[in-house]
>>> print(open('data-v7.csv').read())   # CSV, C-alpha atoms
chain,number,residue,atom,x,y,z
X,1,MET,CA,0.0,0.0,0.0
X,2,ARG,CA,1.3,3.5,-0.9
X,3,ALA,CA,0.5,6.2,1.6
X,4,ALA,CA,1.0,10.0,1.9
X,5,TYR,CA,0.3,12.4,4.7
X,6,VAL,CA,-0.4,16.1,4.5
X,7,VAL,CA,1.6,18.7,6.5
X,8,PHE,CA,-0.3,21.9,7.2
X,9,PRO,CA,1.1,24.9,9.1
X,10,GLY,CA,0.3,23.9,12.6
X,11,SER,CA,0.2,20.1,12.1
X,12,ASN,CA,1.9,18.5,15.0
X,13,CYS,CA,1.2,14.7,14.7
X,14,ASP,CA,2.6,14.4,11.1
X,15,ARG,CA,5.8,12.7,12.2
X,16,ASP,CA,3.9,10.3,14.5
X,17,VAL,CA,1.5,9.4,11.6
X,18,ALA,CA,4.6,8.9,9.3
X,19,VAL,CA,6.2,6.5,11.8
X,20,ALA,CA,2.9,4.5,12.2
X,21,LEU,CA,2.4,4.3,8.4
X,22,GLU,CA,6.0,3.3,7.8
X,23,GLN,CA,5.7,0.6,10.4
X,24,ALA,CA,2.6,-0.7,8.7
X,25,THR,CA,3.6,-0.4,5.1
X,26,GLY,CA,7.4,-1.1,5.4
X,27,ARG,CA,8.3,2.1,3.5
X,28,PRO,CA,8.3,5.8,4.3
X,29,PRO,CA,5.1,7.6,3.3
X,30,HIS,CA,5.2,10.6,1.1
X,31,ALA,CA,5.0,14.0,2.9
X,32,VAL,CA,2.8,16.4,1.0
X,33,TRP,CA,2.9,20.2,1.8
X,34,HIS,CA,-0.5,22.0,2.1
X,35,LYS,CA,0.4,24.2,-0.9
X,36,ASP,CA,0.9,21.3,-3.2
X,37,ALA,CA,-2.0,21.1,-5.6
X,38,ALA,CA,-1.4,17.4,-6.5
X,39,LEU,CA,-1.0,14.2,-4.6
X,40,PRO,CA,1.5,11.4,-5.4
X,41,ASP,CA,-0.1,8.2,-6.7
X,42,VAL,CA,-1.2,6.7,-3.4
X,43,ASP,CA,-3.9,4.5,-1.9
X,44,LEU,CA,-4.2,6.3,1.4
X,45,VAL,CA,-3.9,10.0,2.4
X,46,ALA,CA,-3.6,10.7,6.1
X,47,LEU,CA,-4.5,14.1,7.6
X,48,PRO,CA,-2.7,14.4,10.9
X,49,GLY,CA,-3.6,16.0,14.2
X,50,GLY,CA,-2.5,19.5,15.2
X,51,PHE,CA,-3.8,23.0,15.2
X,52,THR,CA,-3.8,24.0,11.6
X,53,TYR,CA,-3.8,27.8,11.2
X,54,GLY,CA,-4.0,28.1,14.9
X,55,ASP,CA,-7.6,26.8,14.9
X,56,TYR,CA,-8.6,30.3,13.7
X,57,LEU,CA,-12.2,30.8,12.7
X,58,ARG,CA,-13.1,27.2,13.4
X,59,PRO,CA,-10.7,24.2,13.8
X,60,GLY,CA,-10.0,22.9,10.3
X,61,ALA,CA,-11.9,25.7,8.5
X,62,ILE,CA,-8.9,27.4,6.9
X,63,ALA,CA,-7.1,24.1,6.1
X,64,ALA,CA,-10.2,22.8,4.3
X,65,HIS,CA,-9.6,25.5,1.7
X,66,SER,CA,-5.9,24.9,1.2
X,67,PRO,CA,-4.7,23.8,-2.3
X,68,VAL,CA,-4.0,20.3,-1.3
X,69,MET,CA,-7.5,19.7,-0.1
X,70,ARG,CA,-8.8,20.0,-3.6
X,71,ALA,CA,-6.6,17.1,-4.5
X,72,VAL,CA,-7.6,15.2,-1.4
X,73,ARG,CA,-11.3,15.7,-2.3
X,74,ALA,CA,-10.6,14.5,-5.8
X,75,HIS,CA,-8.8,11.4,-4.4
X,76,ALA,CA,-11.7,10.7,-2.1
X,77,HIS,CA,-14.3,11.1,-4.9
X,78,LYS,CA,-12.3,8.6,-7.0
X,79,GLY,CA,-12.6,6.1,-4.2
X,80,GLY,CA,-9.2,6.7,-2.6
X,81,ALA,CA,-8.9,6.1,1.1
X,82,VAL,CA,-8.5,9.1,3.5
X,83,LEU,CA,-7.8,8.9,7.3
X,84,GLY,CA,-8.3,12.1,9.3
X,85,ILE,CA,-7.1,12.0,12.9
X,86,CYS,CA,-8.2,14.7,15.4
X,87,ASN,CA,-7.6,18.0,13.6
X,88,GLY,CA,-7.6,15.9,10.4
X,89,PHE,CA,-11.2,14.8,11.3
X,90,GLN,CA,-12.1,18.5,11.8
X,91,VAL,CA,-10.6,19.3,8.3
X,92,LEU,CA,-12.7,16.5,6.8
X,93,THR,CA,-16.0,17.7,8.3
X,94,GLU,CA,-15.1,21.3,7.2
X,95,SER,CA,-14.4,20.0,3.7
X,96,HIS,CA,-17.8,18.2,3.7
X,97,LEU,CA,-16.1,14.9,3.1
X,98,LEU,CA,-17.7,13.7,6.3
X,99,PRO,CA,-21.0,14.8,7.8
X,100,GLY,CA,-21.5,16.7,11.1
X,101,ALA,CA,-19.1,19.1,12.9
X,102,LEU,CA,-16.8,19.2,15.9
X,103,ILE,CA,-17.4,21.9,18.4
X,104,GLN,CA,-15.9,22.8,21.8
X,105,ASN,CA,-15.8,20.0,24.4
X,106,ALA,CA,-18.9,20.2,26.6
X,107,SER,CA,-16.6,20.5,29.7
X,108,LEU,CA,-14.9,23.6,28.0
X,109,ARG,CA,-11.6,21.9,28.9
X,110,PHE,CA,-8.9,20.5,26.8
X,111,VAL,CA,-8.9,16.7,27.3
X,112,CYS,CA,-5.7,14.7,27.1
X,113,THR,CA,-6.1,11.0,28.2
X,114,ASP,CA,-6.4,7.5,27.0
X,115,VAL,CA,-9.9,6.5,26.1
X,116,ARG,CA,-11.6,3.2,25.3
X,117,LEU,CA,-13.4,2.9,22.0
X,118,ARG,CA,-15.9,0.3,20.9
X,119,THR,CA,-15.5,-0.8,17.3
X,120,GLU,CA,-18.9,-0.4,15.8
X,121,THR,CA,-18.3,-1.7,12.3
X,122,THR,CA,-15.8,-3.9,10.6
X,123,ALA,CA,-17.0,-2.9,7.2
X,124,SER,CA,-14.2,-0.4,6.3
X,125,PRO,CA,-10.5,-0.7,5.4
X,126,PHE,CA,-9.5,0.7,8.8
X,127,THR,CA,-11.6,-1.5,11.0
X,128,ALA,CA,-11.7,-4.7,9.1
X,129,GLY,CA,-8.9,-6.0,11.4
X,130,CYS,CA,-11.0,-5.6,14.5
X,131,ALA,CA,-14.0,-7.5,15.6
X,132,ARG,CA,-17.4,-5.8,15.9
X,133,GLY,CA,-17.8,-4.7,19.5
X,134,GLN,CA,-14.0,-5.0,20.2
X,135,VAL,CA,-12.8,-2.5,22.7
X,136,VAL,CA,-9.5,-0.7,21.9
X,137,THR,CA,-7.5,2.0,23.7
X,138,PHE,CA,-6.4,5.1,21.8
X,139,PRO,CA,-5.4,8.5,23.4
X,140,VAL,CA,-7.3,11.7,22.8
X,141,ALA,CA,-5.9,15.2,23.0
X,142,HIS,CA,-8.3,17.9,21.9
X,143,GLY,CA,-10.4,20.9,23.0
X,144,ASP,CA,-12.9,20.7,20.1
X,145,GLY,CA,-13.9,17.1,19.8
X,146,ASN,CA,-17.6,17.3,20.6
X,147,TYR,CA,-19.2,15.7,17.6
X,148,VAL,CA,-22.5,17.3,16.6
X,149,ILE,CA,-24.9,16.1,13.9
X,150,GLY,CA,-28.6,16.6,13.2
X,151,ASP,CA,-31.0,13.8,14.1
X,152,ASP,CA,-31.8,12.9,10.5
X,153,ASP,CA,-28.2,12.7,9.5
X,154,ARG,CA,-27.3,10.8,12.5
X,155,LYS,CA,-30.1,8.3,11.8
X,156,ARG,CA,-28.7,7.9,8.2
X,157,LEU,CA,-25.2,7.2,9.7
X,158,GLU,CA,-26.6,4.6,11.9
X,159,ASP,CA,-28.8,3.0,9.2
X,160,GLN,CA,-25.8,2.9,6.9
X,161,ASP,CA,-23.5,1.4,9.6
X,162,ARG,CA,-21.1,4.4,9.2
X,163,ILE,CA,-20.2,5.0,12.9
X,164,ALA,CA,-16.7,3.5,13.2
X,165,PHE,CA,-16.0,4.0,16.9
X,166,ARG,CA,-17.9,5.1,20.0
X,167,TYR,CA,-16.4,6.1,23.4
X,168,CYS,CA,-17.1,3.4,25.9
X,169,ASP,CA,-16.0,2.0,29.3
X,170,ALA,CA,-13.7,-1.0,29.8
X,171,ASN,CA,-16.7,-3.3,29.3
X,172,GLY,CA,-17.8,-1.7,26.1
X,173,ALA,CA,-20.7,0.2,27.7
X,174,LEU,CA,-21.5,3.6,26.2
X,175,THR,CA,-21.6,5.6,29.4
X,176,GLU,CA,-21.6,9.4,29.9
X,177,VAL,CA,-18.5,9.1,32.0
X,178,ALA,CA,-16.7,7.4,29.2
X,179,ASN,CA,-17.5,10.2,26.8
X,180,PRO,CA,-14.6,12.7,27.0
X,181,ASN,CA,-16.1,15.6,25.1
X,182,GLY,CA,-19.9,15.4,25.0
X,183,SER,CA,-20.2,13.9,21.5
X,184,VAL,CA,-23.7,13.0,20.5
X,185,ALA,CA,-24.3,9.2,21.1
X,186,ASN,CA,-20.7,8.8,22.2
X,187,ILE,CA,-19.6,9.0,18.5
X,188,ALA,CA,-15.7,9.1,18.2
X,189,GLY,CA,-15.3,8.3,14.5
X,190,VAL,CA,-17.4,8.2,11.3
X,191,LEU,CA,-17.1,6.9,7.8
X,192,SER,CA,-18.0,8.3,4.4
X,193,GLU,CA,-20.8,6.8,2.4
X,194,ASN,CA,-18.3,4.7,0.3
X,195,ARG,CA,-16.7,3.7,3.7
X,196,ARG,CA,-13.2,4.7,2.5
X,197,VAL,CA,-12.9,8.0,4.4
X,198,LEU,CA,-12.6,7.7,8.2
X,199,GLY,CA,-12.4,10.6,10.6
X,200,LEU,CA,-11.8,10.1,14.3
X,201,MET,CA,-10.8,12.3,17.2
X,202,PRO,CA,-8.7,9.7,19.1
X,203,HIS,CA,-5.1,9.2,17.9
X,204,PRO,CA,-4.3,5.6,16.8
X,205,GLU,CA,-0.8,6.6,15.9
X,206,ARG,CA,0.0,7.5,19.5
X,207,LEU,CA,-0.5,4.0,20.7
X,208,ALA,CA,0.9,2.1,17.7
X,209,ASP,CA,4.1,0.6,19.3
X,210,PRO,CA,4.6,-1.4,22.5
X,211,ALA,CA,7.3,1.1,23.4
X,212,LEU,CA,4.6,3.8,23.6
X,213,GLY,CA,2.6,1.8,26.2
X,214,GLY,CA,0.2,0.0,23.8
X,215,SER,CA,-0.2,-1.0,20.2
X,216,ASP,CA,-4.0,-1.0,19.6
X,217,GLY,CA,-3.5,1.8,17.1
X,218,ALA,CA,-1.2,-0.3,15.0
X,219,ARG,CA,-4.2,-2.6,14.3
X,220,LEU,CA,-5.9,0.2,12.4
X,221,PHE,CA,-2.9,0.9,10.2
X,222,ALA,CA,-2.2,-2.8,9.6
X,223,SER,CA,-5.9,-3.3,8.7
X,224,ALA,CA,-5.7,-0.4,6.1
X,225,VAL,CA,-2.5,-1.9,4.6
X,226,GLU,CA,-4.1,-5.4,4.3
X,227,GLN,CA,-7.4,-4.1,2.8
X,228,LEU,CA,-6.0,-1.5,0.5
X,229,ALA,CA,-3.1,-3.6,-0.7
X,230,ALA,CA,-5.5,-6.3,-1.7
X,231,ALA,CA,-7.7,-3.9,-3.6
D,1,MET,CA,-19.0,49.8,2.4
D,2,LYS,CA,-18.8,47.9,5.7
D,3,ALA,CA,-20.3,44.5,6.5
D,4,ARG,CA,-20.7,43.0,10.0
D,5,VAL,CA,-21.4,39.3,10.1
D,6,HIS,CA,-22.8,37.7,13.2
D,7,VAL,CA,-22.2,34.0,13.5
D,8,THR,CA,-23.9,31.9,16.2
D,9,LEU,CA,-24.5,28.3,16.9
D,10,LYS,CA,-27.9,27.1,15.6
D,11,SER,CA,-30.6,27.0,18.3
D,12,GLY,CA,-30.6,23.1,18.6
D,13,VAL,CA,-26.8,22.9,19.0
D,14,LEU,CA,-25.6,23.0,22.6
D,15,ASP,CA,-23.3,26.0,23.2
D,16,PRO,CA,-20.8,25.0,26.0
D,17,GLN,CA,-19.4,28.5,26.2
D,18,GLY,CA,-22.8,30.1,26.5
D,19,LYS,CA,-23.7,27.7,29.2
D,20,ALA,CA,-20.5,28.6,31.1
D,21,ILE,CA,-21.3,32.3,30.8
D,22,GLU,CA,-24.9,31.7,32.0
D,23,HIS,CA,-23.6,29.8,35.0
D,24,ALA,CA,-21.0,32.5,35.8
D,25,LEU,CA,-23.7,35.3,35.6
D,26,THR,CA,-25.9,33.3,38.0
D,27,GLN,CA,-22.9,33.0,40.4
D,28,LEU,CA,-22.4,36.7,40.2
D,29,GLY,CA,-26.0,37.2,41.4
D,30,PHE,CA,-27.6,38.3,38.1
D,31,GLU,CA,-31.0,36.7,38.3
D,32,GLY,CA,-33.4,36.0,35.5
D,33,VAL,CA,-30.9,35.1,32.8
D,34,ASP,CA,-32.8,32.3,31.1
D,35,SER,CA,-30.3,31.6,28.3
D,36,VAL,CA,-26.9,32.8,27.0
D,37,ARG,CA,-25.6,32.0,23.5
D,38,ALA,CA,-22.1,33.1,22.6
D,39,GLY,CA,-21.1,33.9,19.0
D,40,LYS,CA,-18.7,35.9,17.0
D,41,VAL,CA,-18.6,39.1,15.0
D,42,ILE,CA,-16.6,39.5,11.9
D,43,ASP,CA,-16.2,43.0,10.4
D,44,LEU,CA,-15.4,43.4,6.8
D,45,GLU,CA,-14.4,46.5,4.8
D,46,LEU,CA,-15.5,46.1,1.2
D,47,SER,CA,-14.7,48.1,-1.9
D,48,ASP,CA,-18.3,47.4,-3.0
D,49,THR,CA,-20.6,50.4,-3.5
D,50,ASP,CA,-23.8,48.5,-4.4
D,51,GLU,CA,-25.6,47.1,-1.4
D,52,ALA,CA,-27.3,44.3,-3.2
D,53,SER,CA,-24.2,42.9,-4.8
D,54,ALA,CA,-22.3,43.4,-1.5
D,55,ARG,CA,-24.9,41.4,0.3
D,56,GLU,CA,-24.7,38.7,-2.3
D,57,ARG,CA,-20.9,38.5,-2.0
D,58,VAL,CA,-20.9,38.4,1.8
D,59,ASP,CA,-23.5,35.8,1.8
D,60,ALA,CA,-21.3,33.6,-0.5
D,61,MET,CA,-18.4,34.2,1.9
D,62,CYS,CA,-20.5,33.1,4.8
D,63,GLN,CA,-21.6,30.0,3.0
D,64,GLN,CA,-18.1,29.0,1.9
D,65,LEU,CA,-16.0,30.0,4.9
D,66,LEU,CA,-17.2,32.4,7.6
D,67,ALA,CA,-19.9,30.1,9.0
D,68,ASN,CA,-20.2,26.4,9.1
D,69,THR,CA,-23.9,26.0,8.2
D,70,VAL,CA,-24.0,22.5,9.6
D,71,ILE,CA,-24.0,24.0,13.1
D,72,GLU,CA,-24.1,27.8,12.7
D,73,THR,CA,-26.4,30.5,11.4
D,74,TYR,CA,-25.3,33.9,10.4
D,75,SER,CA,-26.7,37.4,9.7
D,76,ILE,CA,-25.3,40.2,7.7
D,77,GLU,CA,-25.5,44.0,8.5
D,78,LEU,CA,-24.3,46.4,5.9
D,79,SER,CA,-23.5,50.1,6.4
D,80,ALA,CA,-22.0,52.8,4.3
>>> encode(input="data-v7.csv", output="structure tokens")
Amino acid sequence: MRAAYVVFPGSNCDRDVAVALEQATGRPPHAVWHKDAALPDVDLVALPGGFTYGDYLRPGAIAAHSPVMRAVRAHAHKGGAVLGICNGFQVLTESHLLPGALIQNASLRFVCTDVRLRTETTASPFTAGCARGQVVTFPVAHGDGNYVIGDDDRKRLEDQDRIAFRYCDANGALTEVANPNGSVANIAGVLSENRRVLGLMPHPERLADPALGGSDGARLFASAVEQLAAA
Amino acid sequence: MKARVHVTLKSGVLDPQGKAIEHALTQLGFEGVDSVRAGKVIDLELSDTDEASARERVDAMCQQLLANTVIETYSIELSA
């Protein structure tokens, strides 16, 4: 599988994503600068976490209009895979590649902690390597991760099995305490209609090596490699 | 011509900042504050001279960038 990751001004998880992608694919991914109007020929484009453009206006709002995002949209519309993590998820909702929006955490606090996530669907390149209902641990670190979506759109997501992960407790129960940011229905990550664009607030790349204290995140990257290489 | 754009969260969307302000006002002893919604104001100075076309342009700016219409509503005030 060939992968690239985009570097925006204010990205700060780009190196971590690059390491996780290299571990999974066995070769270094392409770094693409936000001003580049074209992407290399790749199967997967990752949008890393960070604070693009200082989160001015709204997180991800300015980045969504950078030249590279036109190429990312074209890649997604052709059926290419896109993974948006944290700020990358915010960029994807601002780009209308994913529905809904991410607003300030209900607590008004920046939250930085490990969370448990319940895998809600295995029908995507990123989650095919998990079992439905499997609980994984990824870290979160965000101030604006409160997922908001209208009732009709949320129902559509649920009917189409497009919720990838929900915040849960150690037993997989969707409790209020387990929800770090107030997201509607504990939603942590969602898929596009063609299931090849995933946005999630938690950071799989930050727990993708036993040396980091856990490797649940590596599963997501390994799954993408297996699924996208086979395609 | 000047344009002032008000952007606020839609009424159905929980406003954590507004809630915190409401709480603080109550703490300060201000009674009867039933609801607080926080938003932002964006002031633009435009070279436009025609009000109708200015409004149309600012509306397009709001749709494309200034507001996220998934969660926010906006209003536009124009002045000479």
>>> interface_residues(input="data-v7.csv", of="chain D", to="chain X", cutoff="7 Å", atoms="only C-alpha atoms", output="list in words")
Pro16, Gln17, Leu65, Val70 and Ile71 of chain D
>>> atom_distance(input="data-v7.csv", atom1="atom CA of X:Leu174", atom2="atom CA of X:Glu193")
24.0 Å
>>> residues_around(input="data-v7.csv", residues="stretch 40-52 of chain D", least_positions_apart="3", cutoff="8 Å", atoms="only C-alpha atoms", output="ChimeraX atom specification")
/D:1-8,55-56,78
>>> residues_around(input="data-v7.csv", residues="X:Ala218", least_positions_apart="4", cutoff="8 Å", atoms="all atoms listed in the file", output="PyMOL selection string")
chain X and resi 20+24+204-205+207-209+222
>>> write_last_selection(input="data-v7.csv", atoms="C-alpha atoms", output="compact mmCIF listing (two decimals), in the frame of the given file")
# COMPACT_ATOMS: atom_id res chain seq x y z
CA ALA X 20 2.90 4.50 12.20
CA ALA X 24 2.60 -0.70 8.70
CA PRO X 204 -4.30 5.60 16.80
CA GLU X 205 -0.80 6.60 15.90
CA LEU X 207 -0.50 4.00 20.70
CA ALA X 208 0.90 2.10 17.70
CA ASP X 209 4.10 0.60 19.30
CA ALA X 222 -2.20 -2.80 9.60
>>> atom_distance(input="data-v7.csv", atom1="atom CA of X:Val135", atom2="atom CA of X:Phe221")
16.3 Å
>>> atom_distance(input="data-v7.csv", atom1="atom CA of X:Gly26", atom2="atom CA of X:Ala71")
25.0 Å
>>> closest_residue(input="data-v7.csv", among="X:Asp41, X:Asp216, X:Glu226, X:Glu158", to="X:Ile187", atoms="all atoms listed in the file")
X:Glu158
>>> residues_around(input="data-v7.csv", residues="D:Thr73", least_positions_apart="3", cutoff="12 Å", atoms="only C-alpha atoms", output="PyMOL selection string")
chain D and resi 5-13+39-40+59+62-63+66-70+76
>>> closest_residue(input="data-v7.csv", among="X:Ala229, X:Cys86, X:Ala164, X:Ala74", to="X:Cys13", atoms="only C-alpha atoms")
X:Cys86
>>> residues_around(input="data-v7.csv", residues="D:Glu22", least_positions_apart="3", cutoff="10 Å", atoms="only C-alpha atoms", output="NGL selection string")
:D and (16-19 or 25-28 or 30 or 33-38)
>>> write_last_selection(input="data-v7.csv", atoms="C-alpha atoms", output="PDB file, keeping the file's coordinate frame")
ATOM      1  CA  PRO D  16     -20.800  25.000  26.000  1.00  0.00           C
ATOM      2  CA  GLN D  17     -19.400  28.500  26.200  1.00  0.00           C
ATOM      3  CA  GLY D  18     -22.800  30.100  26.500  1.00  0.00           C
ATOM      4  CA  LYS D  19     -23.700  27.700  29.200  1.00  0.00           C
ATOM      5  CA  LEU D  25     -23.700  35.300  35.600  1.00  0.00           C
ATOM      6  CA  THR D  26     -25.900  33.300  38.000  1.00  0.00           C
ATOM      7  CA  GLN D  27     -22.900  33.000  40.400  1.00  0.00           C
ATOM      8  CA  LEU D  28     -22.400  36.700  40.200  1.00  0.00           C
ATOM      9  CA  PHE D  30     -27.600  38.300  38.100  1.00  0.00           C
ATOM     10  CA  VAL D  33     -30.900  35.100  32.800  1.00  0.00           C
ATOM     11  CA  ASP D  34     -32.800  32.300  31.100  1.00  0.00           C
ATOM     12  CA  SER D  35     -30.300  31.600  28.300  1.00  0.00           C
ATOM     13  CA  VAL D  36     -26.900  32.800  27.000  1.00  0.00           C
ATOM     14  CA  ARG D  37     -25.600  32.000  23.500  1.00  0.00           C
ATOM     15  CA  ALA D  38     -22.100  33.100  22.600  1.00  0.00           C
TER      16      ALA D  38
END
>>> residues_near_point(input="data-v7.csv", point="(-12.7, -2.8, 7.9)", cutoff="9 Å", atoms="all atoms listed in the file", output="PyMOL selection string")
chain X and resi 121-130+195+220+223-224+227
>>> decode(input="data-v7.csv", residues="stretch 56-68 of chain D", atoms="N, CA and C atoms", output="PDB file, in the first residue's frame")
ATOM      1  N   GLU D  56     -24.848  39.939  -1.568  1.00  0.00           N
ATOM      2  CA  GLU D  56     -24.709  38.655  -2.266  1.00  0.00           C
ATOM      3  C   GLU D  56     -23.310  38.061  -2.056  1.00  0.00           C
ATOM      4  N   ARG D  57     -22.288  38.941  -2.146  1.00  0.00           N
ATOM      5  CA  ARG D  57     -20.914  38.468  -1.979  1.00  0.00           C
ATOM      6  C   ARG D  57     -20.634  38.007  -0.553  1.00  0.00           C
ATOM      7  N   VAL D  58     -21.112  38.795   0.417  1.00  0.00           N
ATOM      8  CA  VAL D  58     -20.863  38.426   1.817  1.00  0.00           C
ATOM      9  C   VAL D  58     -21.618  37.133   2.149  1.00  0.00           C
ATOM     10  N   ASP D  59     -22.790  36.997   1.564  1.00  0.00           N
ATOM     11  CA  ASP D  59     -23.539  35.756   1.772  1.00  0.00           C
ATOM     12  C   ASP D  59     -22.733  34.557   1.262  1.00  0.00           C
ATOM     13  N   ALA D  60     -22.117  34.720   0.092  1.00  0.00           N
ATOM     14  CA  ALA D  60     -21.291  33.636  -0.459  1.00  0.00           C
ATOM     15  C   ALA D  60     -20.090  33.354   0.451  1.00  0.00           C
ATOM     16  N   MET D  61     -19.509  34.422   1.021  1.00  0.00           N
ATOM     17  CA  MET D  61     -18.380  34.247   1.949  1.00  0.00           C
ATOM     18  C   MET D  61     -18.810  33.462   3.183  1.00  0.00           C
ATOM     19  N   CYS D  62     -20.008  33.776   3.675  1.00  0.00           N
ATOM     20  CA  CYS D  62     -20.526  33.068   4.849  1.00  0.00           C
ATOM     21  C   CYS D  62     -20.735  31.604   4.535  1.00  0.00           C
ATOM     22  N   GLN D  63     -21.335  31.343   3.375  1.00  0.00           N
ATOM     23  CA  GLN D  63     -21.619  29.957   2.978  1.00  0.00           C
ATOM     24  C   GLN D  63     -20.334  29.141   2.829  1.00  0.00           C
ATOM     25  N   GLN D  64     -19.314  29.783   2.229  1.00  0.00           N
ATOM     26  CA  GLN D  64     -18.095  29.024   1.932  1.00  0.00           C
ATOM     27  C   GLN D  64     -17.121  28.947   3.088  1.00  0.00           C
ATOM     28  N   LEU D  65     -17.061  29.990   3.912  1.00  0.00           N
ATOM     29  CA  LEU D  65     -15.997  30.016   4.915  1.00  0.00           C
ATOM     30  C   LEU D  65     -16.404  30.553   6.285  1.00  0.00           C
ATOM     31  N   LEU D  66     -17.073  31.718   6.312  1.00  0.00           N
ATOM     32  CA  LEU D  66     -17.221  32.411   7.593  1.00  0.00           C
ATOM     33  C   LEU D  66     -18.084  31.647   8.586  1.00  0.00           C
ATOM     34  N   ALA D  67     -19.080  30.915   8.088  1.00  0.00           N
ATOM     35  CA  ALA D  67     -19.922  30.116   8.976  1.00  0.00           C
ATOM     36  C   ALA D  67     -19.879  28.666   8.521  1.00  0.00           C
ATOM     37  N   ASN D  68     -20.021  27.753   9.457  1.00  0.00           N
ATOM     38  CA  ASN D  68     -20.223  26.350   9.103  1.00  0.00           C
ATOM     39  C   ASN D  68     -21.712  26.096   9.240  1.00  0.00           C
TER      40      ASN D  68
END
